[in-house]
file start_38.csv (CSV, C-alpha atoms and all ligand atoms)
chain,number,residue,atom,x,y,z
A,662,MET,CA,84.1,182.5,201.8
A,663,LYS,CA,87.6,181.5,201.0
A,664,ALA,CA,88.8,179.2,198.4
A,665,LEU,CA,90.1,176.0,199.8
A,666,ILE,CA,93.1,174.2,198.5
A,667,LEU,CA,92.4,170.5,198.7
A,668,THR,CA,94.8,167.7,198.5
A,669,PRO,CA,93.1,164.9,196.8
A,670,VAL,CA,94.9,161.8,197.9
A,671,ALA,CA,93.2,159.5,195.6
A,672,VAL,CA,90.4,159.8,193.1
A,673,ALA,CA,87.9,157.1,194.0
A,674,ILE,CA,85.7,155.6,191.4
A,675,SER,CA,82.6,154.8,193.3
A,676,ALA,CA,79.3,153.3,192.0
A,677,ALA,CA,77.4,156.2,193.5
A,678,LEU,CA,78.1,159.3,195.4
A,679,ALA,CA,76.5,158.8,198.8
A,680,GLY,CA,74.1,161.5,199.8
A,681,PRO,CA,76.0,164.0,202.0
A,682,VAL,CA,74.5,165.7,205.0
A,683,PHE,CA,74.5,169.4,204.1
A,684,ALA,CA,75.1,172.0,206.6
A,685,ALA,CA,74.2,174.6,204.0
A,686,ASP,CA,72.1,174.3,200.9
A,687,PRO,CA,74.6,174.0,198.1
A,688,ALA,CA,72.1,175.5,195.7
A,689,LYS,CA,72.0,178.7,197.7
A,690,ILE,CA,75.7,179.2,197.9
A,691,ASP,CA,76.7,182.4,196.1
A,692,TRP,CA,79.1,180.7,193.7
A,693,GLY,CA,79.7,184.0,191.9
A,694,LYS,CA,81.8,185.1,194.9
A,695,VAL,CA,83.9,182.0,195.1
A,696,PRO,CA,87.1,182.1,193.1
A,697,SER,CA,87.4,179.7,190.3
A,698,ARG,CA,90.1,178.0,188.3
A,699,THR,CA,89.9,176.4,184.9
A,700,VAL,CA,91.9,173.4,183.8
A,701,THR,CA,91.9,171.9,180.4
A,702,LEU,CA,91.4,168.2,180.4
A,703,PHE,CA,92.7,166.4,177.3
A,704,TYR,CA,91.1,163.2,176.0
A,705,PRO,CA,93.8,160.6,176.3
A,706,GLY,CA,92.2,158.3,173.7
A,707,GLN,CA,91.6,154.8,175.0
A,708,SER,CA,95.1,154.6,176.4
A,709,THR,CA,95.1,152.3,179.4
A,710,TYR,CA,97.0,152.9,182.6
A,711,GLN,CA,99.2,150.0,181.6
A,712,TRP,CA,100.0,151.8,178.3
A,713,LEU,CA,100.7,155.0,180.1
A,714,ARG,CA,103.2,153.2,182.3
A,715,GLY,CA,104.7,151.0,179.6
A,716,SER,CA,107.5,151.4,177.1
A,717,GLY,CA,105.0,152.7,174.4
A,718,HIS,CA,104.7,156.0,176.4
A,719,PRO,CA,107.7,158.3,176.6
A,720,GLY,CA,106.4,159.7,179.9
A,721,ALA,CA,106.1,156.3,181.6
A,722,GLN,CA,108.9,156.8,184.0
A,723,VAL,CA,107.4,160.0,185.5
A,724,VAL,CA,103.9,158.5,185.5
A,725,ASN,CA,105.3,155.5,187.4
A,726,THR,CA,106.7,157.7,190.2
A,727,GLY,CA,103.4,159.6,190.6
A,728,GLY,CA,104.3,162.6,188.4
A,729,ALA,CA,101.4,164.6,186.9
A,730,CYS,CA,100.5,164.4,183.3
A,731,LEU,CA,100.8,168.1,182.9
A,732,THR,CA,104.5,168.0,183.9
A,733,CYS,CA,105.1,167.3,180.2
A,734,HIS,CA,101.8,167.9,178.4
A,735,LYS,CA,101.0,171.3,179.7
A,736,GLY,CA,100.3,173.8,177.0
A,737,ALA,CA,99.8,171.0,174.5
A,738,GLU,CA,96.4,169.7,175.8
A,739,GLN,CA,94.4,171.0,172.9
A,740,LYS,CA,96.8,169.7,170.3
A,741,LEU,CA,97.2,166.4,171.9
A,742,GLY,CA,93.4,165.9,172.6
A,743,ASP,CA,92.4,167.0,169.1
A,744,LYS,CA,94.8,164.7,167.5
A,745,LEU,CA,94.0,161.7,169.7
A,746,VAL,CA,90.2,162.0,169.4
A,747,LYS,CA,90.4,161.7,165.6
A,748,GLY,CA,91.7,158.2,165.5
A,749,GLY,CA,95.0,156.3,165.5
A,750,PRO,CA,96.3,153.3,167.5
A,751,LEU,CA,95.0,154.6,170.8
A,752,GLU,CA,91.6,155.4,169.4
A,753,PRO,CA,90.6,152.7,166.9
A,754,MET,CA,86.9,153.7,166.7
A,755,PRO,CA,86.7,157.5,166.8
A,756,VAL,CA,83.4,159.1,167.7
A,757,LYS,CA,82.4,161.8,165.3
A,758,GLY,CA,82.1,165.2,166.9
A,759,LYS,CA,83.7,164.2,170.2
A,760,ASN,CA,85.7,166.8,172.0
A,761,GLY,CA,89.4,166.5,172.2
A,762,THR,CA,89.5,168.6,175.3
A,763,VAL,CA,87.1,169.8,178.0
A,764,ASP,CA,87.6,173.0,180.0
A,765,LEU,CA,86.7,172.2,183.5
A,766,LYS,CA,85.9,175.1,185.8
A,767,PHE,CA,86.5,174.2,189.4
A,768,GLN,CA,85.4,176.0,192.6
A,769,ALA,CA,85.8,175.1,196.2
A,770,ALA,CA,84.3,176.5,199.4
A,771,TYR,CA,83.8,175.5,202.9
A,772,ASP,CA,82.0,176.2,206.1
A,773,ALA,CA,82.5,174.8,209.6
A,774,LYS,CA,81.1,171.4,208.6
A,775,ASN,CA,81.6,170.7,204.9
A,776,ALA,CA,83.6,171.4,201.8
A,777,TYR,CA,81.5,172.3,198.8
A,778,LEU,CA,82.9,171.6,195.3
A,779,ARG,CA,81.5,172.7,192.1
A,780,PHE,CA,82.6,171.5,188.7
A,781,GLN,CA,81.3,173.0,185.5
A,782,TRP,CA,82.0,172.1,181.9
A,783,LYS,CA,80.3,172.7,178.5
A,784,THR,CA,78.6,169.8,176.9
A,785,LEU,CA,78.2,169.4,173.2
A,786,ASN,CA,74.5,169.8,173.6
A,787,PRO,CA,72.8,173.0,174.8
A,788,TYR,CA,71.5,171.1,177.9
A,789,PRO,CA,73.2,169.2,180.8
A,790,GLY,CA,74.3,165.6,180.4
A,791,THR,CA,71.2,164.2,182.0
A,792,GLU,CA,69.7,162.8,178.9
A,793,HIS,CA,70.2,159.1,179.4
A,794,GLN,CA,67.7,158.0,181.9
A,795,TYR,CA,67.7,154.3,182.6
A,796,LEU,CA,65.2,151.9,181.4
A,797,ARG,CA,64.1,149.1,183.7
A,798,PHE,CA,62.1,146.0,182.9
A,799,ASP,CA,59.2,145.7,185.3
A,800,GLY,CA,58.3,142.1,184.3
A,801,LYS,CA,56.1,143.2,181.3
A,802,GLU,CA,57.7,146.1,179.7
A,803,TRP,CA,60.7,148.5,179.7
A,804,LYS,CA,59.9,151.6,181.7
A,805,GLN,CA,61.8,154.8,182.2
A,806,TYR,CA,63.7,154.8,185.5
A,807,GLY,CA,65.3,157.9,186.9
A,808,TYR,CA,65.1,161.6,186.0
A,809,PRO,CA,67.2,164.6,186.6
A,810,LYS,CA,67.4,165.4,190.2
A,811,LEU,CA,65.5,168.7,190.1
A,812,ASP,CA,62.6,167.4,188.1
A,813,ASP,CA,59.2,167.3,189.9
A,814,VAL,CA,58.9,163.5,189.7
A,815,VAL,CA,62.2,163.2,191.6
A,816,GLN,CA,61.4,166.0,194.1
A,817,GLN,CA,58.1,164.2,194.8
A,818,GLY,CA,59.9,161.0,195.4
A,819,LYS,CA,58.2,159.2,192.4
A,820,GLN,CA,61.5,158.6,190.6
A,821,PRO,CA,65.1,158.3,191.7
A,822,GLY,CA,67.4,161.2,190.7
A,823,ILE,CA,70.0,160.1,188.2
A,824,TYR,CA,72.9,162.0,186.8
A,825,GLU,CA,74.9,160.8,183.9
A,826,ASP,CA,78.1,162.5,184.9
A,827,ARG,CA,79.3,161.3,188.3
A,828,PHE,CA,82.2,162.5,190.2
A,829,SER,CA,83.7,161.2,193.4
A,830,ILE,CA,86.9,162.2,195.2
A,831,MET,CA,88.4,161.2,198.4
A,832,ILE,CA,90.1,163.8,200.6
A,833,ASP,CA,92.0,163.1,203.7
A,834,ASP,CA,94.5,164.7,206.1
A,835,GLY,CA,97.1,162.0,205.7
A,836,SER,CA,95.8,159.9,208.6
A,837,VAL,CA,94.4,157.2,206.3
A,838,ARG,CA,97.9,156.3,205.2
A,839,ASP,CA,99.2,156.1,208.8
A,840,ASP,CA,96.2,154.0,210.0
A,841,TYR,CA,96.7,151.7,207.1
A,842,LEU,CA,100.4,151.2,207.6
A,843,GLU,CA,99.9,150.6,211.3
A,844,ARG,CA,97.5,147.7,210.4
A,845,HIS,CA,99.6,146.5,207.4
A,846,PRO,CA,103.2,147.3,208.2
A,847,SER,CA,104.4,145.1,205.3
A,848,ALA,CA,103.0,147.7,202.9
A,849,ARG,CA,105.3,150.4,204.1
A,850,GLU,CA,107.8,149.8,201.4
A,851,TRP,CA,105.4,149.9,198.5
A,852,SER,CA,103.3,152.8,199.9
A,853,SER,CA,105.8,155.3,198.6
A,854,PHE,CA,105.3,154.1,195.0
A,855,GLY,CA,103.5,156.6,192.8
A,856,ASP,CA,100.8,154.2,191.9
A,857,PHE,CA,100.0,153.2,195.5
A,858,GLY,CA,96.6,154.8,196.2
A,859,PHE,CA,93.8,154.6,198.8
A,860,TYR,CA,90.3,154.1,197.6
A,861,ARG,CA,87.1,154.4,199.5
A,862,MET,CA,84.2,152.4,198.3
A,863,GLU,CA,80.7,153.6,198.9
A,864,VAL,CA,78.9,150.3,199.2
A,865,VAL,CA,75.5,150.4,197.5
A,866,ASP,CA,74.6,146.7,198.0
A,867,ALA,CA,76.6,143.6,198.8
A,868,TYR,CA,76.0,140.1,197.6
A,869,TYR,CA,77.1,137.5,200.1
A,870,ILE,CA,78.3,134.2,198.6
A,871,ALA,CA,79.0,131.5,201.1
A,872,GLY,CA,79.3,128.7,198.6
A,873,PHE,CA,77.1,125.7,198.0
A,874,GLY,CA,74.0,127.7,197.0
A,875,GLU,CA,74.1,129.9,200.1
A,876,MET,CA,73.9,133.5,199.0
A,877,ALA,CA,71.9,136.6,199.8
A,878,TRP,CA,71.7,140.3,199.2
A,879,VAL,CA,72.9,142.4,202.1
A,880,SER,CA,71.6,146.0,202.2
A,881,ALA,CA,74.1,148.8,202.4
A,882,ASP,CA,72.6,149.7,205.7
A,883,ASP,CA,73.1,146.3,207.2
A,884,TYR,CA,76.6,146.1,205.7
A,885,ARG,CA,77.5,149.4,207.4
A,886,LYS,CA,76.2,148.2,210.7
A,887,ALA,CA,78.2,145.1,210.7
A,888,LYS,CA,81.1,145.0,213.1
A,889,PRO,CA,84.5,143.4,212.6
A,890,ASP,CA,84.7,140.0,214.2
A,891,PRO,CA,85.7,140.3,217.9
A,892,LEU,CA,88.4,137.7,217.4
A,893,ALA,CA,90.0,139.4,214.4
A,894,ALA,CA,93.0,140.7,216.4
A,895,HIS,CA,93.6,137.4,218.1
A,896,ALA,CA,92.9,134.9,215.3
A,897,GLU,CA,96.5,134.6,214.2
A,898,ALA,CA,97.7,133.7,217.7
A,899,ILE,CA,94.9,131.3,218.3
A,900,ILE,CA,95.6,129.5,215.0
A,901,ALA,CA,99.3,129.3,215.7
A,902,HIS,CA,98.7,127.9,219.2
A,903,MET,CA,96.2,125.3,218.0
A,904,ASN,CA,98.3,124.1,215.2
A,905,ALA,CA,101.5,123.9,217.2
A,906,ASP,CA,100.1,122.4,220.4
A,907,HIS,CA,96.7,120.9,219.7
A,908,ALA,CA,96.8,119.3,216.3
A,909,ASP,CA,95.5,116.0,217.8
A,910,SER,CA,92.4,117.9,219.1
A,911,LEU,CA,91.8,119.4,215.7
A,912,ALA,CA,91.7,116.0,214.0
A,913,LEU,CA,89.4,114.9,216.8
A,914,TYR,CA,87.0,117.8,216.1
A,915,CYS,CA,86.9,116.8,212.4
A,916,ARG,CA,85.9,113.2,213.4
A,917,ALA,CA,83.4,114.2,216.1
A,918,PHE,CA,81.7,117.3,214.6
A,919,ALA,CA,82.1,117.0,210.8
A,920,GLY,CA,82.1,113.2,210.4
A,921,VAL,CA,85.5,113.3,208.6
A,922,GLU,CA,88.0,110.6,209.6
A,923,ALA,CA,90.9,113.0,209.6
A,924,ASP,CA,94.5,111.6,209.9
A,925,SER,CA,95.6,115.1,210.7
A,926,ALA,CA,94.2,118.6,210.6
A,927,LEU,CA,95.3,122.3,210.6
A,928,MET,CA,93.2,125.3,211.7
A,929,GLU,CA,93.0,127.8,208.9
A,930,ASP,CA,90.8,130.5,210.3
A,931,VAL,CA,88.8,131.3,213.4
A,932,ASP,CA,86.0,133.7,214.2
A,933,TYR,CA,83.6,134.0,217.1
A,934,LEU,CA,81.1,131.5,215.6
A,935,GLY,CA,83.5,128.7,214.7
A,936,PHE,CA,86.6,127.8,212.7
A,937,ARG,CA,87.8,126.4,209.4
A,938,VAL,CA,90.1,123.4,209.3
A,939,ARG,CA,91.9,121.6,206.5
A,940,ALA,CA,91.7,117.9,207.2
A,941,GLN,CA,93.9,115.3,205.6
A,942,VAL,CA,92.3,111.9,205.0
A,943,GLY,CA,94.9,109.7,203.2
A,944,ASP,CA,95.7,111.6,200.0
A,945,GLU,CA,92.6,113.7,200.2
A,946,ARG,CA,92.2,117.1,201.7
A,947,HIS,CA,88.9,118.4,203.1
A,948,ASP,CA,88.2,122.0,203.9
A,949,LEU,CA,85.7,122.0,206.8
A,950,ARG,CA,83.9,124.6,208.8
A,951,ILE,CA,83.1,123.6,212.4
A,952,SER,CA,80.8,125.7,214.4
A,953,PHE,CA,81.2,126.5,218.1
A,954,PRO,CA,78.3,125.3,220.3
A,955,ARG,CA,78.1,128.9,221.6
A,956,PRO,CA,79.7,132.2,220.4
A,957,ALA,CA,83.2,132.9,221.7
A,958,ARG,CA,84.2,136.5,221.8
A,959,THR,CA,87.5,136.5,223.6
A,960,PRO,CA,90.5,134.2,223.4
A,961,LYS,CA,89.5,133.0,226.9
A,962,GLU,CA,86.1,132.0,225.7
A,963,VAL,CA,87.5,130.3,222.7
A,964,ARG,CA,89.7,128.2,225.0
A,965,ALA,CA,86.8,127.3,227.2
A,966,VAL,CA,84.6,126.3,224.2
A,967,LEU,CA,87.4,124.3,222.6
A,968,VAL,CA,88.1,122.4,225.9
A,969,ASP,CA,84.3,121.6,226.1
A,970,MET,CA,84.3,120.4,222.5
A,971,SER,CA,87.3,118.3,223.1
A,972,ARG,CA,85.7,116.7,226.2
A,973,LYS,CA,82.5,116.0,224.3
A,974,ALA,CA,84.3,114.5,221.4
A,975,ARG,CA,86.4,112.2,223.6
A,976,SER,CA,83.4,110.9,225.5
A,977,ALA,CA,81.6,110.3,222.2
A,978,SER,CA,84.5,108.4,220.8
A,979,ASP,CA,84.9,106.4,224.0
A,980,SER,CA,81.3,105.3,224.1
B,1,LIG,C1,107.7,162.8,181.5
B,1,LIG,C2,106.9,163.4,180.5
B,1,LIG,C3,105.5,162.9,180.4
B,1,LIG,C4,104.5,162.7,181.3
B,1,LIG,C5,104.6,162.9,182.8
B,1,LIG,C6,103.3,162.2,180.7
B,1,LIG,N1,103.6,162.1,179.3
B,1,LIG,FE1,102.3,161.5,177.9
B,1,LIG,N2,103.7,161.6,176.5
B,1,LIG,C7,105.0,162.2,176.7
B,1,LIG,C8,105.6,162.3,175.4
B,1,LIG,C9,107.0,162.9,175.2
B,1,LIG,C10,104.7,161.8,174.4
B,1,LIG,C11,105.0,161.6,172.9
B,1,LIG,C12,104.9,163.0,172.3
B,1,LIG,C13,103.5,163.5,172.3
B,1,LIG,O1,102.6,162.9,171.7
B,1,LIG,O2,103.3,164.6,172.9
B,1,LIG,C14,103.6,161.4,175.2
B,1,LIG,C15,102.4,160.8,174.6
B,1,LIG,C16,101.3,160.6,175.2
B,1,LIG,C17,100.1,160.1,174.6
B,1,LIG,C18,100.0,159.7,173.1
B,1,LIG,C19,99.9,160.8,172.2
B,1,LIG,C20,99.9,160.3,170.7
B,1,LIG,O3,100.1,161.1,169.9
B,1,LIG,O4,99.6,159.1,170.5
B,1,LIG,C21,99.1,160.1,175.5
B,1,LIG,C22,97.6,159.7,175.3
B,1,LIG,C23,99.6,160.6,176.7
B,1,LIG,N3,101.0,160.9,176.5
B,1,LIG,C24,98.9,160.7,177.9
B,1,LIG,C25,99.5,161.0,179.1
B,1,LIG,C26,98.8,161.0,180.4
B,1,LIG,C27,97.3,160.7,180.5
B,1,LIG,C28,99.7,161.3,181.3
B,1,LIG,C29,99.5,161.3,182.8
B,1,LIG,C30,99.0,160.1,183.4
B,1,LIG,C31,101.0,161.5,180.7
B,1,LIG,N4,100.8,161.3,179.3
B,1,LIG,C32,102.1,161.9,181.3
B,1,LIG,C33,105.5,162.6,177.9
B,1,LIG,C34,104.8,162.5,179.1

call {"tool": "encode", "arguments": {"input": "start_38.csv", "output": "structure tokens", "more": "lines below"}}
Ligand code: HEC
result
Amino acid sequence: MKALILTPVAVAISAALAGPVFAADPAKIDWGKVPSRTVTLFYPGQSTYQWLRGSGHPGAQVVNTGGACLTCHKGAEQKLGDKLVKGGPLEPMPVKGKNGTVDLKFQAAYDAKNAYLRFQWKTLNPYPGTEHQYLRFDGKEWKQYGYPKLDDVVQQGKQPGIYEDRFSIMIDDGSVRDDYLERHPSAREWSSFGDFGFYRMEVVDAYYIAGFGEMAWVSADDYRKAKPDPLAAHAEAIIAHMNADHADSLALYCRAFAGVEADSALMEDVDYLGFRVRAQVGDERHDLRISFPRPARTPKEVRAVLVDMSRKARSASDS
């Protein structure tokens, strides 16, 4: 197996690493044959990214243009980490015994389907950092929740596997950037800045908040199955057309379908189930959502639905 040189485009901080589909069993890879490299990571105290990019940090200019920390700090990792970890303005509450640096051993391998990454580092304890299982309140008492992944209870499916140390990186071939800029051309100018990154979120759960007490949990599975609104690409044109040419109809919809005596109205958003309007009533503004009587998946269908609604509204106001 050959070592792979990876270009991490962005380091993603995700809530959990999604379970990958393995082509090979990573535990059976002969890691002894895979070349390794060791990098020394220094503890930067509690310095924030703002601090690293601000006038308090002599390296700010290089950090701001995407330069690596080691451009300047290489060779001084140990000294810097050991000094920072002991206390000072960047470490107001030092933790006794904490390491100033960590030597991280890094290996990478691949087969036809996957890349396999292995990171190893020494902990202060003579055992891996899996000590902090979670406790969960079951209604009566706090119970242990989660064990190291290789423990029997996890293997038998009785407990979830939990690791204390999590690691997540995003690797791409550059196409993410191109795809993004095609959809958001206005970002082209900023995308060359050093601190412009791409992040991938692994959704674990989503909480939908529609307002007015309407909210619900959405499972990661359902979330992933959801498709973009079929009108997403046309919404802008529909909105512009309605506001320019049919403002009177919009006010009419507000009166007929939302019971709001609008003097004027502007469409703000449209999707295949309905639209949002901002209605003006005297000095007051009302944000309303008006549903279509039937789903409209194309601009043509939207037009037909709106014409029907308009007819209905007029006959209601005439009678
Ligand atoms: C252009 C050079 C340069 C780059 C790039 C750079 N630094 Fe620095 N940094 C310095 C210099 C110079 C100092 C002050 C002298 C020292 O403490 O080594 C400093 C100081 C620091 C300190 C404070 C040390 C102390 O004694 O209080 C921290 C923490 C630090 N850098 C972290 C980083 C991190 C993290 C990065 C990468 C994101 C980074 N630096 C990139 C030049 C740089």

call {"tool": "residues_around", "arguments": {"input": "start_38.csv", "residues": "region 971-976 of chain A", "least_positions_apart": "5", "cutoff": "7 Å", "atoms": "all atoms listed in the file", "output": "PDB file with C-alpha atoms, in the frame of the given file"}}
result
ATOM      1  CA  SER A 910      92.400 117.900 219.100  1.00  0.00           C
ATOM      2  CA  LEU A 913      89.400 114.900 216.800  1.00  0.00           C
ATOM      3  CA  TYR A 914      87.000 117.800 216.100  1.00  0.00           C
ATOM      4  CA  ALA A 917      83.400 114.200 216.100  1.00  0.00           C
TER       5      ALA A 917
END

call {"tool": "residues_near_ligand", "arguments": {"input": "start_38.csv", "ligand": "ligand LIG 1 (chain B)", "cutoff": "10 Å", "atoms": "all atoms listed in the file", "output": "PDB file with C-alpha atoms, in the frame of the given file"}}
result
ATOM      1  CA  LEU A 702      91.400 168.200 180.400  1.00  0.00           C
ATOM      2  CA  PHE A 703      92.700 166.400 177.300  1.00  0.00           C
ATOM      3  CA  TYR A 704      91.100 163.200 176.000  1.00  0.00           C
ATOM      4  CA  PRO A 705      93.800 160.600 176.300  1.00  0.00           C
ATOM      5  CA  GLY A 706      92.200 158.300 173.700  1.00  0.00           C
ATOM      6  CA  GLN A 707      91.600 154.800 175.000  1.00  0.00           C
ATOM      7  CA  SER A 708      95.100 154.600 176.400  1.00  0.00           C
ATOM      8  CA  THR A 709      95.100 152.300 179.400  1.00  0.00           C
ATOM      9  CA  TYR A 710      97.000 152.900 182.600  1.00  0.00           C
ATOM     10  CA  TRP A 712     100.000 151.800 178.300  1.00  0.00           C
ATOM     11  CA  LEU A 713     100.700 155.000 180.100  1.00  0.00           C
ATOM     12  CA  ARG A 714     103.200 153.200 182.300  1.00  0.00           C
ATOM     13  CA  GLY A 717     105.000 152.700 174.400  1.00  0.00           C
ATOM     14  CA  HIS A 718     104.700 156.000 176.400  1.00  0.00           C
ATOM     15  CA  PRO A 719     107.700 158.300 176.600  1.00  0.00           C
ATOM     16  CA  GLY A 720     106.400 159.700 179.900  1.00  0.00           C
ATOM     17  CA  ALA A 721     106.100 156.300 181.600  1.00  0.00           C
ATOM     18  CA  GLN A 722     108.900 156.800 184.000  1.00  0.00           C
ATOM     19  CA  VAL A 723     107.400 160.000 185.500  1.00  0.00           C
ATOM     20  CA  VAL A 724     103.900 158.500 185.500  1.00  0.00           C
ATOM     21  CA  ASN A 725     105.300 155.500 187.400  1.00  0.00           C
ATOM     22  CA  THR A 726     106.700 157.700 190.200  1.00  0.00           C
ATOM     23  CA  GLY A 727     103.400 159.600 190.600  1.00  0.00           C
ATOM     24  CA  GLY A 728     104.300 162.600 188.400  1.00  0.00           C
ATOM     25  CA  ALA A 729     101.400 164.600 186.900  1.00  0.00           C
ATOM     26  CA  CYS A 730     100.500 164.400 183.300  1.00  0.00           C
ATOM     27  CA  LEU A 731     100.800 168.100 182.900  1.00  0.00           C
ATOM     28  CA  THR A 732     104.500 168.000 183.900  1.00  0.00           C
ATOM     29  CA  CYS A 733     105.100 167.300 180.200  1.00  0.00           C
ATOM     30  CA  HIS A 734     101.800 167.900 178.400  1.00  0.00           C
ATOM     31  CA  LYS A 735     101.000 171.300 179.700  1.00  0.00           C
ATOM     32  CA  ALA A 737      99.800 171.000 174.500  1.00  0.00           C
ATOM     33  CA  GLU A 738      96.400 169.700 175.800  1.00  0.00           C
ATOM     34  CA  LYS A 740      96.800 169.700 170.300  1.00  0.00           C
ATOM     35  CA  LEU A 741      97.200 166.400 171.900  1.00  0.00           C
ATOM     36  CA  GLY A 742      93.400 165.900 172.600  1.00  0.00           C
ATOM     37  CA  ASP A 743      92.400 167.000 169.100  1.00  0.00           C
ATOM     38  CA  LYS A 744      94.800 164.700 167.500  1.00  0.00           C
ATOM     39  CA  LEU A 745      94.000 161.700 169.700  1.00  0.00           C
ATOM     40  CA  VAL A 746      90.200 162.000 169.400  1.00  0.00           C
ATOM     41  CA  GLY A 748      91.700 158.200 165.500  1.00  0.00           C
ATOM     42  CA  GLY A 749      95.000 156.300 165.500  1.00  0.00           C
ATOM     43  CA  PRO A 750      96.300 153.300 167.500  1.00  0.00           C
ATOM     44  CA  LEU A 751      95.000 154.600 170.800  1.00  0.00           C
ATOM     45  CA  GLU A 752      91.600 155.400 169.400  1.00  0.00           C
TER      46      GLU A 752
END

call {"tool": "atom_distance", "arguments": {"input": "start_38.csv", "atom1": "CA of Asp948 (chain A)", "atom2": "CA of Glu897 (chain A)"}}
result
18.3 Å

call {"tool": "residues_near_point", "arguments": {"input": "start_38.csv", "point": "(90.2, 125.8, 225.4)", "cutoff": "12 Å", "atoms": "all atoms listed in the file", "output": "PDB file with C-alpha atoms, in the coordinates of the input"}}
result
ATOM      1  CA  ILE A 899      94.900 131.300 218.300  1.00  0.00           C
ATOM      2  CA  HIS A 902      98.700 127.900 219.200  1.00  0.00           C
ATOM      3  CA  MET A 903      96.200 125.300 218.000  1.00  0.00           C
ATOM      4  CA  ASP A 906     100.100 122.400 220.400  1.00  0.00           C
ATOM      5  CA  HIS A 907      96.700 120.900 219.700  1.00  0.00           C
ATOM      6  CA  SER A 910      92.400 117.900 219.100  1.00  0.00           C
ATOM      7  CA  LEU A 911      91.800 119.400 215.700  1.00  0.00           C
ATOM      8  CA  PHE A 953      81.200 126.500 218.100  1.00  0.00           C
ATOM      9  CA  ALA A 957      83.200 132.900 221.700  1.00  0.00           C
ATOM     10  CA  THR A 959      87.500 136.500 223.600  1.00  0.00           C
ATOM     11  CA  PRO A 960      90.500 134.200 223.400  1.00  0.00           C
ATOM     12  CA  LYS A 961      89.500 133.000 226.900  1.00  0.00           C
ATOM     13  CA  GLU A 962      86.100 132.000 225.700  1.00  0.00           C
ATOM     14  CA  VAL A 963      87.500 130.300 222.700  1.00  0.00           C
ATOM     15  CA  ARG A 964      89.700 128.200 225.000  1.00  0.00           C
ATOM     16  CA  ALA A 965      86.800 127.300 227.200  1.00  0.00           C
ATOM     17  CA  VAL A 966      84.600 126.300 224.200  1.00  0.00           C
ATOM     18  CA  LEU A 967      87.400 124.300 222.600  1.00  0.00           C
ATOM     19  CA  VAL A 968      88.100 122.400 225.900  1.00  0.00           C
ATOM     20  CA  ASP A 969      84.300 121.600 226.100  1.00  0.00           C
ATOM     21  CA  MET A 970      84.300 120.400 222.500  1.00  0.00           C
ATOM     22  CA  SER A 971      87.300 118.300 223.100  1.00  0.00           C
ATOM     23  CA  ARG A 972      85.700 116.700 226.200  1.00  0.00           C
TER      24      ARG A 972
END

call {"tool": "atom_distance", "arguments": {"input": "start_38.csv", "atom1": "CA of Tyr884 (chain A)", "atom2": "CA of Tyr869 (chain A)"}}
result
10.3 Å

call {"tool": "closest_residue", "arguments": {"input": "start_38.csv", "among": "A:Glu922, A:Ser978, A:Asp932, A:Leu949", "to": "His895 (chain A)", "atoms": "all atoms listed in the file"}}
result
A:Asp932

call {"tool": "atom_distance", "arguments": {"input": "start_38.csv", "atom1": "CA of Arg698 (chain A)", "atom2": "CA of Asp686 (chain A)"}}
result
22.3 Å

call {"tool": "residues_around", "arguments": {"input": "start_38.csv", "residues": "Leu811 (chain A)", "least_positions_apart": "6", "cutoff": "10 Å", "atoms": "all atoms listed in the file", "output": "mmCIF file with C-alpha atoms, keeping the file's coordinate frame"}}
result
data_model
loop_
_atom_site.group_PDB
_atom_site.id
_atom_site.type_symbol
_atom_site.label_atom_id
_atom_site.label_comp_id
_atom_site.auth_asym_id
_atom_site.auth_seq_id
_atom_site.Cartn_x
_atom_site.Cartn_y
_atom_site.Cartn_z
ATOM 1 C CA GLN A 817 58.100 164.200 194.800
ATOM 2 C CA GLY A 822 67.400 161.200 190.700
ATOM 3 C CA ILE A 823 70.000 160.100 188.200
#

call {"tool": "residues_near_point", "arguments": {"input": "start_38.csv", "point": "(89.4, 171.6, 172.6)", "cutoff": "7 Å", "atoms": "all atoms listed in the file", "output": "PyMOL selection string"}}
result
chain A and resi 739+742-743+760-763

call {"tool": "write_last_selection", "arguments": {"input": "start_38.csv", "atoms": "C-alpha atoms", "output": "PDB file, in the coordinates of the input"}}
result
ATOM      1  CA  GLN A 739      94.400 171.000 172.900  1.00  0.00           C
ATOM      2  CA  GLY A 742      93.400 165.900 172.600  1.00  0.00           C
ATOM      3  CA  ASP A 743      92.400 167.000 169.100  1.00  0.00           C
ATOM      4  CA  ASN A 760      85.700 166.800 172.000  1.00  0.00           C
ATOM      5  CA  GLY A 761      89.400 166.500 172.200  1.00  0.00           C
ATOM      6  CA  THR A 762      89.500 168.600 175.300  1.00  0.00           C
ATOM      7  CA  VAL A 763      87.100 169.800 178.000  1.00  0.00           C
TER       8      VAL A 763
END

call {"tool": "closest_residue", "arguments": {"input": "start_38.csv", "among": "A:Gly935, A:Val700, A:Leu892, A:Ser852", "to": "Trp782 (chain A)", "atoms": "only C-alpha atoms"}}
result
A:Val700
